[in-house]
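K.L.:
The following file, protein.cif, comprises mmCIF, N, CA and C atoms:
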data_work
loop_
_atom_site.label_atom_id
_atom_site.label_comp_id
_atom_site.auth_asym_id
_atom_site.auth_seq_id
_atom_site.Cartn_x
_atom_site.Cartn_y
_atom_site.Cartn_z
N MET Z 1 24.74 -40.11 -27.34
CA MET Z 1 24.72 -38.69 -27.57
C MET Z 1 26.15 -38.20 -27.69
N THR Z 2 26.36 -37.40 -28.67
CA THR Z 2 27.72 -36.91 -28.89
C THR Z 2 28.06 -35.82 -27.89
N LYS Z 3 29.33 -35.57 -27.77
CA LYS Z 3 29.82 -34.56 -26.83
C LYS Z 3 29.29 -33.18 -27.19
N LEU Z 4 29.23 -32.84 -28.47
CA LEU Z 4 28.75 -31.53 -28.92
C LEU Z 4 27.26 -31.35 -28.58
N LYS Z 5 26.46 -32.38 -28.80
CA LYS Z 5 25.04 -32.29 -28.48
C LYS Z 5 24.82 -32.11 -26.98
N ARG Z 6 25.61 -32.80 -26.20
CA ARG Z 6 25.52 -32.69 -24.75
C ARG Z 6 25.87 -31.27 -24.30
N GLN Z 7 26.91 -30.69 -24.85
CA GLN Z 7 27.32 -29.34 -24.50
C GLN Z 7 26.25 -28.31 -24.90
N ILE Z 8 25.65 -28.50 -26.08
CA ILE Z 8 24.59 -27.60 -26.53
C ILE Z 8 23.39 -27.72 -25.61
N LEU Z 9 23.04 -28.92 -25.21
CA LEU Z 9 21.92 -29.15 -24.31
C LEU Z 9 22.16 -28.49 -22.94
N ILE Z 10 23.35 -28.64 -22.40
CA ILE Z 10 23.69 -28.04 -21.11
C ILE Z 10 23.68 -26.52 -21.22
N ALA Z 11 24.27 -25.98 -22.28
CA ALA Z 11 24.30 -24.53 -22.48
C ALA Z 11 22.88 -23.97 -22.63
N SER Z 12 22.02 -24.69 -23.32
CA SER Z 12 20.63 -24.26 -23.49
C SER Z 12 19.91 -24.24 -22.15
N GLY Z 13 20.12 -25.25 -21.35
CA GLY Z 13 19.50 -25.32 -20.02
C GLY Z 13 19.95 -24.18 -19.13
N VAL Z 14 21.25 -23.90 -19.14
CA VAL Z 14 21.79 -22.80 -18.34
C VAL Z 14 21.21 -21.47 -18.82
N LEU Z 15 21.11 -21.29 -20.13
CA LEU Z 15 20.56 -20.07 -20.70
C LEU Z 15 19.09 -19.88 -20.29
N ILE Z 16 18.33 -20.95 -20.32
CA ILE Z 16 16.92 -20.87 -19.92
C ILE Z 16 16.80 -20.48 -18.45
N VAL Z 17 17.59 -21.09 -17.59
CA VAL Z 17 17.57 -20.77 -16.16
C VAL Z 17 17.96 -19.30 -15.94
N LEU Z 18 18.98 -18.83 -16.63
CA LEU Z 18 19.40 -17.43 -16.50
C LEU Z 18 18.30 -16.47 -16.97
N LEU Z 19 17.61 -16.81 -18.05
CA LEU Z 19 16.53 -15.96 -18.54
C LEU Z 19 15.37 -15.91 -17.54
N ILE Z 20 15.08 -17.02 -16.92
CA ILE Z 20 14.02 -17.05 -15.90
C ILE Z 20 14.41 -16.18 -14.72
N ILE Z 21 15.62 -16.33 -14.24
CA ILE Z 21 16.10 -15.53 -13.10
C ILE Z 21 16.09 -14.05 -13.47
N LEU Z 22 16.56 -13.71 -14.64
CA LEU Z 22 16.58 -12.33 -15.09
C LEU Z 22 15.15 -11.77 -15.18
N GLY Z 23 14.24 -12.56 -15.70
CA GLY Z 23 12.85 -12.12 -15.83
C GLY Z 23 12.23 -11.80 -14.48
N PHE Z 24 12.42 -12.65 -13.49
CA PHE Z 24 11.85 -12.40 -12.17
C PHE Z 24 12.60 -11.31 -11.41
N THR Z 25 13.85 -11.05 -11.77
CA THR Z 25 14.59 -9.96 -11.16
C THR Z 25 14.11 -8.62 -11.71
N LEU Z 26 13.93 -8.56 -13.01
CA LEU Z 26 13.47 -7.31 -13.63
C LEU Z 26 11.98 -7.07 -13.43
N PHE Z 27 11.21 -8.14 -13.34
CA PHE Z 27 9.76 -8.04 -13.19
C PHE Z 27 9.30 -8.87 -12.00
N PRO Z 28 9.60 -8.44 -10.77
CA PRO Z 28 9.27 -9.25 -9.59
C PRO Z 28 7.77 -9.46 -9.40
N ASN Z 29 6.95 -8.59 -9.95
CA ASN Z 29 5.51 -8.73 -9.77
C ASN Z 29 4.93 -9.89 -10.56
N LEU Z 30 5.67 -10.47 -11.47
CA LEU Z 30 5.16 -11.61 -12.24
C LEU Z 30 4.82 -12.79 -11.34
N LEU Z 31 5.64 -13.01 -10.35
CA LEU Z 31 5.43 -14.16 -9.47
C LEU Z 31 4.46 -13.86 -8.34
N SER Z 32 4.57 -12.69 -7.75
CA SER Z 32 3.81 -12.43 -6.54
C SER Z 32 2.67 -11.45 -6.72
N GLY Z 33 2.45 -10.93 -7.89
CA GLY Z 33 1.41 -9.92 -8.07
C GLY Z 33 1.91 -8.59 -7.58
N ASN Z 34 1.17 -7.52 -7.85
CA ASN Z 34 1.64 -6.22 -7.41
C ASN Z 34 1.37 -6.04 -5.92
N LYS Z 35 1.93 -4.99 -5.36
CA LYS Z 35 1.81 -4.75 -3.92
C LYS Z 35 0.36 -4.62 -3.49
N GLU Z 36 -0.43 -3.90 -4.27
CA GLU Z 36 -1.83 -3.70 -3.89
C GLU Z 36 -2.57 -5.03 -3.78
N THR Z 37 -2.35 -5.92 -4.74
CA THR Z 37 -3.00 -7.23 -4.71
C THR Z 37 -2.53 -8.03 -3.49
N ARG Z 38 -1.24 -8.00 -3.22
CA ARG Z 38 -0.70 -8.73 -2.05
C ARG Z 38 -1.26 -8.16 -0.76
N TYR Z 39 -1.33 -6.84 -0.66
CA TYR Z 39 -1.84 -6.20 0.55
C TYR Z 39 -3.31 -6.53 0.75
N GLN Z 40 -4.07 -6.54 -0.34
CA GLN Z 40 -5.49 -6.88 -0.25
C GLN Z 40 -5.66 -8.32 0.25
N LYS Z 41 -4.81 -9.20 -0.24
CA LYS Z 41 -4.88 -10.60 0.18
C LYS Z 41 -4.56 -10.74 1.68
N GLU Z 42 -3.52 -10.05 2.14
CA GLU Z 42 -3.13 -10.10 3.56
C GLU Z 42 -4.27 -9.59 4.44
N LEU Z 43 -4.85 -8.45 4.04
CA LEU Z 43 -5.92 -7.85 4.83
C LEU Z 43 -7.18 -8.72 4.80
N SER Z 44 -7.48 -9.30 3.65
CA SER Z 44 -8.64 -10.18 3.53
C SER Z 44 -8.50 -11.41 4.42
N GLN Z 45 -7.32 -11.97 4.47
CA GLN Z 45 -7.10 -13.15 5.31
C GLN Z 45 -7.31 -12.81 6.78
N ALA Z 46 -6.75 -11.70 7.21
CA ALA Z 46 -6.92 -11.28 8.61
C ALA Z 46 -8.39 -11.00 8.91
N ALA Z 47 -9.08 -10.33 7.98
CA ALA Z 47 -10.49 -10.01 8.19
C ALA Z 47 -11.35 -11.28 8.23
N GLY Z 48 -11.03 -12.26 7.40
CA GLY Z 48 -11.75 -13.53 7.43
C GLY Z 48 -11.59 -14.23 8.77
N ASP Z 49 -10.37 -14.25 9.29
CA ASP Z 49 -10.14 -14.84 10.62
C ASP Z 49 -10.89 -14.05 11.69
N PHE Z 50 -10.83 -12.74 11.58
CA PHE Z 50 -11.54 -11.89 12.54
C PHE Z 50 -13.02 -12.23 12.56
N TYR Z 51 -13.64 -12.31 11.39
CA TYR Z 51 -15.08 -12.56 11.31
C TYR Z 51 -15.44 -13.96 11.80
N GLU Z 52 -14.71 -14.96 11.31
CA GLU Z 52 -15.05 -16.34 11.64
C GLU Z 52 -14.70 -16.73 13.08
N ASP Z 53 -13.53 -16.32 13.54
CA ASP Z 53 -13.03 -16.81 14.83
C ASP Z 53 -13.30 -15.87 16.00
N PHE Z 54 -13.72 -14.65 15.71
CA PHE Z 54 -13.93 -13.69 16.79
C PHE Z 54 -15.34 -13.10 16.74
N TYR Z 55 -15.63 -12.37 15.70
CA TYR Z 55 -16.90 -11.63 15.60
C TYR Z 55 -18.11 -12.57 15.59
N TYR Z 56 -18.09 -13.52 14.68
CA TYR Z 56 -19.23 -14.43 14.51
C TYR Z 56 -19.48 -15.24 15.78
N ASP Z 57 -18.41 -15.76 16.37
CA ASP Z 57 -18.56 -16.57 17.59
C ASP Z 57 -19.16 -15.75 18.73
N ARG Z 58 -18.78 -14.49 18.83
CA ARG Z 58 -19.30 -13.64 19.91
C ARG Z 58 -20.76 -13.26 19.69
N LEU Z 59 -21.19 -13.23 18.43
CA LEU Z 59 -22.59 -12.92 18.15
C LEU Z 59 -23.53 -13.97 18.75
N PHE Z 60 -23.12 -15.22 18.74
CA PHE Z 60 -23.96 -16.30 19.23
C PHE Z 60 -23.96 -16.42 20.75
N ASN Z 61 -23.14 -15.66 21.40
CA ASN Z 61 -23.03 -15.73 22.84
C ASN Z 61 -24.38 -15.36 23.49
N GLY Z 62 -25.19 -16.36 23.81
CA GLY Z 62 -26.46 -16.15 24.48
C GLY Z 62 -27.61 -15.77 23.56
N LYS Z 63 -27.42 -15.82 22.26
CA LYS Z 63 -28.48 -15.44 21.32
C LYS Z 63 -28.88 -16.65 20.48
N ASN Z 64 -30.10 -16.61 19.97
CA ASN Z 64 -30.53 -17.70 19.11
C ASN Z 64 -30.17 -17.40 17.66
N GLU Z 65 -30.24 -18.42 16.84
CA GLU Z 65 -29.80 -18.32 15.44
C GLU Z 65 -30.60 -17.28 14.66
N ALA Z 66 -31.90 -17.19 14.90
CA ALA Z 66 -32.74 -16.23 14.17
C ALA Z 66 -32.33 -14.79 14.49
N ASP Z 67 -31.99 -14.51 15.75
CA ASP Z 67 -31.55 -13.17 16.13
C ASP Z 67 -30.24 -12.80 15.45
N VAL Z 68 -29.32 -13.74 15.42
CA VAL Z 68 -28.02 -13.50 14.80
C VAL Z 68 -28.18 -13.27 13.30
N LYS Z 69 -28.97 -14.10 12.66
CA LYS Z 69 -29.19 -13.94 11.21
C LYS Z 69 -29.86 -12.60 10.91
N GLY Z 70 -30.83 -12.21 11.73
CA GLY Z 70 -31.47 -10.91 11.56
C GLY Z 70 -30.50 -9.77 11.71
N PHE Z 71 -29.60 -9.89 12.68
CA PHE Z 71 -28.58 -8.86 12.91
C PHE Z 71 -27.63 -8.77 11.71
N LEU Z 72 -27.13 -9.91 11.25
CA LEU Z 72 -26.19 -9.92 10.14
C LEU Z 72 -26.82 -9.44 8.84
N GLU Z 73 -28.08 -9.74 8.66
CA GLU Z 73 -28.78 -9.33 7.44
C GLU Z 73 -28.76 -7.80 7.28
N ARG Z 74 -28.79 -7.09 8.39
CA ARG Z 74 -28.75 -5.62 8.35
C ARG Z 74 -27.41 -5.10 7.83
N PHE Z 75 -26.37 -5.92 7.87
CA PHE Z 75 -25.05 -5.49 7.43
C PHE Z 75 -24.66 -6.03 6.05
N SER Z 76 -25.58 -6.66 5.36
CA SER Z 76 -25.28 -7.21 4.03
C SER Z 76 -24.81 -6.15 3.07
N GLU Z 77 -25.50 -5.03 3.03
CA GLU Z 77 -25.16 -3.95 2.09
C GLU Z 77 -23.97 -3.12 2.58
N ALA Z 78 -24.11 -2.51 3.74
CA ALA Z 78 -23.09 -1.59 4.25
C ALA Z 78 -21.82 -2.32 4.69
N GLY Z 79 -21.97 -3.50 5.21
CA GLY Z 79 -20.83 -4.28 5.67
C GLY Z 79 -20.41 -3.94 7.08
N ILE Z 80 -19.56 -4.78 7.60
CA ILE Z 80 -18.96 -4.60 8.92
C ILE Z 80 -17.53 -4.13 8.66
N LYS Z 81 -17.24 -2.89 9.05
CA LYS Z 81 -15.93 -2.29 8.75
C LYS Z 81 -14.96 -2.55 9.90
N VAL Z 82 -13.79 -3.07 9.55
CA VAL Z 82 -12.76 -3.35 10.54
C VAL Z 82 -11.46 -2.73 10.03
N ASP Z 83 -10.92 -1.76 10.76
CA ASP Z 83 -9.73 -1.08 10.28
C ASP Z 83 -8.45 -1.86 10.62
N LEU Z 84 -7.36 -1.44 10.01
CA LEU Z 84 -6.06 -2.10 10.18
C LEU Z 84 -5.63 -2.11 11.64
N ASP Z 85 -5.91 -1.04 12.35
CA ASP Z 85 -5.54 -0.97 13.76
C ASP Z 85 -6.19 -2.10 14.56
N ASN Z 86 -7.49 -2.30 14.38
CA ASN Z 86 -8.19 -3.36 15.12
C ASN Z 86 -7.80 -4.75 14.64
N LEU Z 87 -7.59 -4.92 13.33
CA LEU Z 87 -7.17 -6.23 12.83
C LEU Z 87 -5.80 -6.62 13.36
N SER Z 88 -4.93 -5.63 13.57
CA SER Z 88 -3.59 -5.94 14.06
C SER Z 88 -3.58 -6.28 15.55
N ARG Z 89 -4.66 -5.97 16.26
CA ARG Z 89 -4.68 -6.19 17.71
C ARG Z 89 -5.54 -7.37 18.16
N PHE Z 90 -6.46 -7.85 17.34
CA PHE Z 90 -7.35 -8.92 17.81
C PHE Z 90 -6.59 -10.24 17.91
N ASP Z 91 -7.16 -11.17 18.64
CA ASP Z 91 -6.61 -12.52 18.83
C ASP Z 91 -5.19 -12.48 19.38
N ASP Z 92 -5.02 -11.71 20.43
CA ASP Z 92 -3.71 -11.57 21.11
C ASP Z 92 -2.60 -11.14 20.16
N GLY Z 93 -2.94 -10.25 19.22
CA GLY Z 93 -1.93 -9.70 18.32
C GLY Z 93 -1.47 -10.66 17.23
N LYS Z 94 -2.31 -11.62 16.89
CA LYS Z 94 -1.94 -12.61 15.86
C LYS Z 94 -1.52 -11.93 14.55
N TYR Z 95 -2.14 -10.81 14.23
CA TYR Z 95 -1.85 -10.11 12.98
C TYR Z 95 -1.15 -8.77 13.19
N GLU Z 96 -0.43 -8.61 14.31
CA GLU Z 96 0.26 -7.35 14.54
C GLU Z 96 1.35 -7.10 13.50
N ASN Z 97 1.79 -8.16 12.82
CA ASN Z 97 2.80 -7.99 11.77
C ASN Z 97 2.24 -7.25 10.56
N LEU Z 98 0.91 -7.12 10.46
CA LEU Z 98 0.32 -6.37 9.34
C LEU Z 98 0.85 -4.94 9.29
N LEU Z 99 1.14 -4.37 10.45
CA LEU Z 99 1.65 -3.00 10.49
C LEU Z 99 3.04 -2.90 9.86
N GLN Z 100 3.81 -3.98 9.92
CA GLN Z 100 5.13 -3.98 9.30
C GLN Z 100 5.07 -4.44 7.84
N VAL Z 101 4.09 -5.26 7.51
CA VAL Z 101 3.96 -5.79 6.15
C VAL Z 101 3.31 -4.78 5.22
N LEU Z 102 2.26 -4.11 5.69
CA LEU Z 102 1.52 -3.18 4.85
C LEU Z 102 2.16 -1.79 4.94
N VAL Z 103 3.22 -1.62 4.17
CA VAL Z 103 3.93 -0.34 4.15
C VAL Z 103 4.10 0.13 2.71
N ASN Z 104 4.21 1.43 2.57
CA ASN Z 104 4.50 2.02 1.28
C ASN Z 104 5.98 1.73 1.00
N PRO Z 105 6.30 0.99 -0.07
CA PRO Z 105 7.68 0.61 -0.30
C PRO Z 105 8.61 1.80 -0.59
N LYS Z 106 8.05 2.89 -1.04
CA LYS Z 106 8.87 4.05 -1.35
C LYS Z 106 9.18 4.88 -0.11
N THR Z 107 8.15 5.16 0.69
CA THR Z 107 8.33 6.02 1.87
C THR Z 107 8.64 5.22 3.13
N LYS Z 108 8.40 3.90 3.08
CA LYS Z 108 8.59 3.00 4.23
C LYS Z 108 7.63 3.32 5.38
N GLU Z 109 6.56 4.06 5.10
CA GLU Z 109 5.56 4.36 6.11
C GLU Z 109 4.46 3.31 6.06
N SER Z 110 3.96 2.99 7.24
CA SER Z 110 2.87 2.02 7.34
C SER Z 110 1.62 2.59 6.69
N CYS Z 111 0.76 1.71 6.19
CA CYS Z 111 -0.53 2.15 5.66
C CYS Z 111 -1.30 2.83 6.80
N ASP Z 112 -2.18 3.76 6.47
CA ASP Z 112 -2.97 4.45 7.47
C ASP Z 112 -3.81 3.42 8.24
N VAL Z 113 -3.65 3.39 9.56
CA VAL Z 113 -4.28 2.34 10.38
C VAL Z 113 -5.79 2.53 10.52
N ASN Z 114 -6.28 3.72 10.27
CA ASN Z 114 -7.72 3.97 10.38
C ASN Z 114 -8.42 3.90 9.03
N ASN Z 115 -7.77 4.36 7.97
CA ASN Z 115 -8.39 4.38 6.65
C ASN Z 115 -8.18 3.09 5.86
N THR Z 116 -7.21 2.29 6.23
CA THR Z 116 -7.01 0.98 5.60
C THR Z 116 -7.91 0.01 6.35
N LYS Z 117 -8.85 -0.60 5.62
CA LYS Z 117 -9.84 -1.42 6.31
C LYS Z 117 -10.38 -2.52 5.42
N ALA Z 118 -10.96 -3.49 6.08
CA ALA Z 118 -11.70 -4.56 5.41
C ALA Z 118 -13.17 -4.34 5.71
N ILE Z 119 -13.99 -4.56 4.69
CA ILE Z 119 -15.43 -4.44 4.86
C ILE Z 119 -16.03 -5.82 4.61
N ILE Z 120 -16.59 -6.40 5.65
CA ILE Z 120 -17.12 -7.76 5.60
C ILE Z 120 -18.62 -7.68 5.33
N HIS Z 121 -19.05 -8.29 4.24
CA HIS Z 121 -20.46 -8.30 3.85
C HIS Z 121 -21.03 -9.71 4.07
N PRO Z 122 -21.74 -9.93 5.19
CA PRO Z 122 -22.38 -11.23 5.39
C PRO Z 122 -23.50 -11.42 4.38
N HIS Z 123 -23.74 -12.65 3.96
CA HIS Z 123 -24.83 -12.92 3.03
C HIS Z 123 -25.52 -14.23 3.41
N ALA Z 124 -26.73 -14.40 2.87
CA ALA Z 124 -27.55 -15.58 3.17
C ALA Z 124 -26.78 -16.84 2.80
N PRO Z 125 -26.85 -17.86 3.58
CA PRO Z 125 -27.73 -18.09 4.73
C PRO Z 125 -27.14 -17.61 6.06
N PHE Z 126 -26.14 -16.74 6.02
CA PHE Z 126 -25.56 -16.09 7.19
C PHE Z 126 -24.88 -17.06 8.14
N GLY Z 127 -24.20 -18.05 7.57
CA GLY Z 127 -23.38 -18.95 8.36
C GLY Z 127 -22.01 -18.33 8.61
N LYS Z 128 -21.18 -19.06 9.27
CA LYS Z 128 -19.86 -18.57 9.65
C LYS Z 128 -18.98 -18.23 8.44
N LYS Z 129 -19.17 -18.93 7.35
CA LYS Z 129 -18.34 -18.70 6.15
C LYS Z 129 -19.11 -18.02 5.02
N ASP Z 130 -20.27 -17.48 5.33
CA ASP Z 130 -21.09 -16.83 4.31
C ASP Z 130 -20.86 -15.33 4.33
N TYR Z 131 -19.81 -14.89 3.68
CA TYR Z 131 -19.47 -13.47 3.63
C TYR Z 131 -18.56 -13.20 2.44
N LYS Z 132 -18.47 -11.93 2.10
CA LYS Z 132 -17.57 -11.43 1.05
C LYS Z 132 -16.80 -10.29 1.68
N ILE Z 133 -15.55 -10.13 1.29
CA ILE Z 133 -14.73 -9.07 1.88
C ILE Z 133 -14.27 -8.11 0.79
N ASP Z 134 -14.48 -6.83 1.04
CA ASP Z 134 -13.90 -5.76 0.22
C ASP Z 134 -12.80 -5.11 1.04
N VAL Z 135 -11.76 -4.64 0.37
CA VAL Z 135 -10.63 -4.04 1.06
C VAL Z 135 -10.42 -2.62 0.55
N GLU Z 136 -10.20 -1.70 1.48
CA GLU Z 136 -9.85 -0.32 1.15
C GLU Z 136 -8.45 -0.06 1.69
N LEU Z 137 -7.52 0.25 0.80
CA LEU Z 137 -6.13 0.51 1.19
C LEU Z 137 -5.86 2.00 1.15
N ASP Z 138 -5.18 2.50 2.17
CA ASP Z 138 -4.69 3.87 2.19
C ASP Z 138 -3.20 3.80 2.49
N CYS Z 139 -2.44 3.46 1.43
CA CYS Z 139 -1.00 3.24 1.61
C CYS Z 139 -0.17 4.10 0.65
N GLY Z 140 -0.81 4.89 -0.15
CA GLY Z 140 -0.09 5.69 -1.14
C GLY Z 140 0.54 4.87 -2.24
N LEU Z 141 -0.03 3.71 -2.53
CA LEU Z 141 0.56 2.82 -3.54
C LEU Z 141 0.36 3.31 -4.96
N ALA Z 142 -0.68 4.07 -5.20
CA ALA Z 142 -0.97 4.52 -6.57
C ALA Z 142 0.18 5.37 -7.13
N THR Z 143 0.86 6.07 -6.26
CA THR Z 143 1.96 6.92 -6.72
C THR Z 143 3.28 6.18 -6.80
N VAL Z 144 3.32 4.94 -6.29
CA VAL Z 144 4.56 4.18 -6.25
C VAL Z 144 4.76 3.35 -7.50
N GLU Z 145 3.76 2.60 -7.92
CA GLU Z 145 3.95 1.62 -8.97
C GLU Z 145 3.71 2.17 -10.34
#
Just give me the structure as structure tokens.
P.N.:
Amino acid sequence: MTKLKRQILIASGVLIVLLIILGFTLFPNLLSGNKETRYQKELSQAAGDFYEDFYYDRLFNGKNEADVKGFLERFSEAGIKVDLDNLSRFDDGKYENLLQVLVNPKTKESCDVNNTKAIIHPHAPFGKKDYKIDVELDCGLATVE
């Protein structure tokens, strides 16, 4: 390979790297998604842990499987609502960082701890992992992005 070809190849590589860096600097949401999507993911993960490791386990405490399934079936439509305040405090504060993570980037205020919530919808066959989660955010993000 000639010296000129090598220099062109190196310059092209450097240019490509700079364009990638510039792209992610100007458009940071390309890599991580927008704030609303990230916040929904964070809240969904905490709600999933809450349901599987706390709520569901406590339901079986002294009850038979048919009773638990009957109870959960009643919440299929309306769901089990768990607000940000409770999610940040369960499991010895495992998710207390949610209050610092879920903030309005413009005002630096935390999302509303009562109105920001996960809604867990158990579904048949009503096992520990048989659920869907909807998230409601009250963080003022619509006016930010």
K.L.:
Please identify all polymer residues within 7 Å of range 125-133 of chain Z, counting only C-alpha atoms, omitting same-chain residues fewer than 2 positions from it, and present them as a PyMOL selection string.
P.N.:
chain Z and resi 44+52+56+69+72+118-123+135
K.L.:
Could you expand the PyMOL selection byres ((chain Z and resi 105) around 8) into the explicit residues it covers here, written as a list in words?
P.N.:
Leu102, Val103, Asn104, Lys106, Thr107, Lys108, Glu109, Ser110, Cys139, Gly140, Leu141 and Val144 of chain Z
K.L.:
Take the residues from that selection and write them out as a PDB file, in the frame of the given file, keeping N, CA and C atoms.
P.N.:
ATOM      1  N   LEU Z 102       2.260  -4.110   5.690  1.00  0.00           N
ATOM      2  CA  LEU Z 102       1.520  -3.180   4.850  1.00  0.00           C
ATOM      3  C   LEU Z 102       2.160  -1.790   4.940  1.00  0.00           C
ATOM      4  N   VAL Z 103       3.220  -1.620   4.170  1.00  0.00           N
ATOM      5  CA  VAL Z 103       3.930  -0.340   4.150  1.00  0.00           C
ATOM      6  C   VAL Z 103       4.100   0.130   2.710  1.00  0.00           C
ATOM      7  N   ASN Z 104       4.210   1.430   2.570  1.00  0.00           N
ATOM      8  CA  ASN Z 104       4.500   2.020   1.280  1.00  0.00           C
ATOM      9  C   ASN Z 104       5.980   1.730   1.000  1.00  0.00           C
ATOM     10  N   LYS Z 106       8.050   2.890  -1.040  1.00  0.00           N
ATOM     11  CA  LYS Z 106       8.870   4.050  -1.350  1.00  0.00           C
ATOM     12  C   LYS Z 106       9.180   4.880  -0.110  1.00  0.00           C
ATOM     13  N   THR Z 107       8.150   5.160   0.690  1.00  0.00           N
ATOM     14  CA  THR Z 107       8.330   6.020   1.870  1.00  0.00           C
ATOM     15  C   THR Z 107       8.640   5.220   3.130  1.00  0.00           C
ATOM     16  N   LYS Z 108       8.400   3.900   3.080  1.00  0.00           N
ATOM     17  CA  LYS Z 108       8.590   3.000   4.230  1.00  0.00           C
ATOM     18  C   LYS Z 108       7.630   3.320   5.380  1.00  0.00           C
ATOM     19  N   GLU Z 109       6.560   4.060   5.100  1.00  0.00           N
ATOM     20  CA  GLU Z 109       5.560   4.360   6.110  1.00  0.00           C
ATOM     21  C   GLU Z 109       4.460   3.310   6.060  1.00  0.00           C
ATOM     22  N   SER Z 110       3.960   2.990   7.240  1.00  0.00           N
ATOM     23  CA  SER Z 110       2.870   2.020   7.340  1.00  0.00           C
ATOM     24  C   SER Z 110       1.620   2.590   6.690  1.00  0.00           C
ATOM     25  N   CYS Z 139      -2.440   3.460   1.430  1.00  0.00           N
ATOM     26  CA  CYS Z 139      -1.000   3.240   1.610  1.00  0.00           C
ATOM     27  C   CYS Z 139      -0.170   4.100   0.650  1.00  0.00           C
ATOM     28  N   GLY Z 140      -0.810   4.890  -0.150  1.00  0.00           N
ATOM     29  CA  GLY Z 140      -0.090   5.690  -1.140  1.00  0.00           C
ATOM     30  C   GLY Z 140       0.540   4.870  -2.240  1.00  0.00           C
ATOM     31  N   LEU Z 141      -0.030   3.710  -2.530  1.00  0.00           N
ATOM     32  CA  LEU Z 141       0.560   2.820  -3.540  1.00  0.00           C
ATOM     33  C   LEU Z 141       0.360   3.310  -4.960  1.00  0.00           C
ATOM     34  N   VAL Z 144       3.320   4.940  -6.290  1.00  0.00           N
ATOM     35  CA  VAL Z 144       4.560   4.180  -6.250  1.00  0.00           C
ATOM     36  C   VAL Z 144       4.760   3.350  -7.500  1.00  0.00           C
TER      37      VAL Z 144
END
K.L.:
As a list in words, which residues of range 10-104 of chain Z does DSSP assign to strand (DSSP E)?
P.N.:
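So, restricting range 10-104 of chain Z to strand (DSSP E), we get Ile80, Lys81, Val82 and Asp83 of chain Z.
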K.L.:
Return as number ranges by chain the full set of residues in range 48-145 of chain Z whose backbone-based DSSP assignment is helix (DSSP H, G or I).
P.N.:
Z: 48-59, 65-73, 84-93, 98-101, 141-143
K.L.:
Nearest to Gln40 in chain Z: which of Z:Glu96, Z:Glu77, Z:Asp57, Z:Asp134 is it, counting all atoms listed in the file?
P.N.:
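Smallest separation from Gln40 in chain Z among the options: Z:Asp134.
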K.L.:
Quick check on the file I pasted: which residues fall under the PyMOL selection byres ((chain Z and resi 114) around 6.5)? Write them as a PyMOL selection string.
P.N.:
chain Z and resi 83-85+111-113+115-117
K.L.:
Provide an axis-aligned box for all listed atoms of range 86-95 of chain Z, padding each side by 4 Å; report its centre and its edge lengths in Å to one decimal, as lines of an AutoDock Vina configuration file.
P.N.:
center_x = -4.7
center_y = -7.5
center_z = 17.0
size_x = 15.0
size_y = 18.3
size_z = 16.3
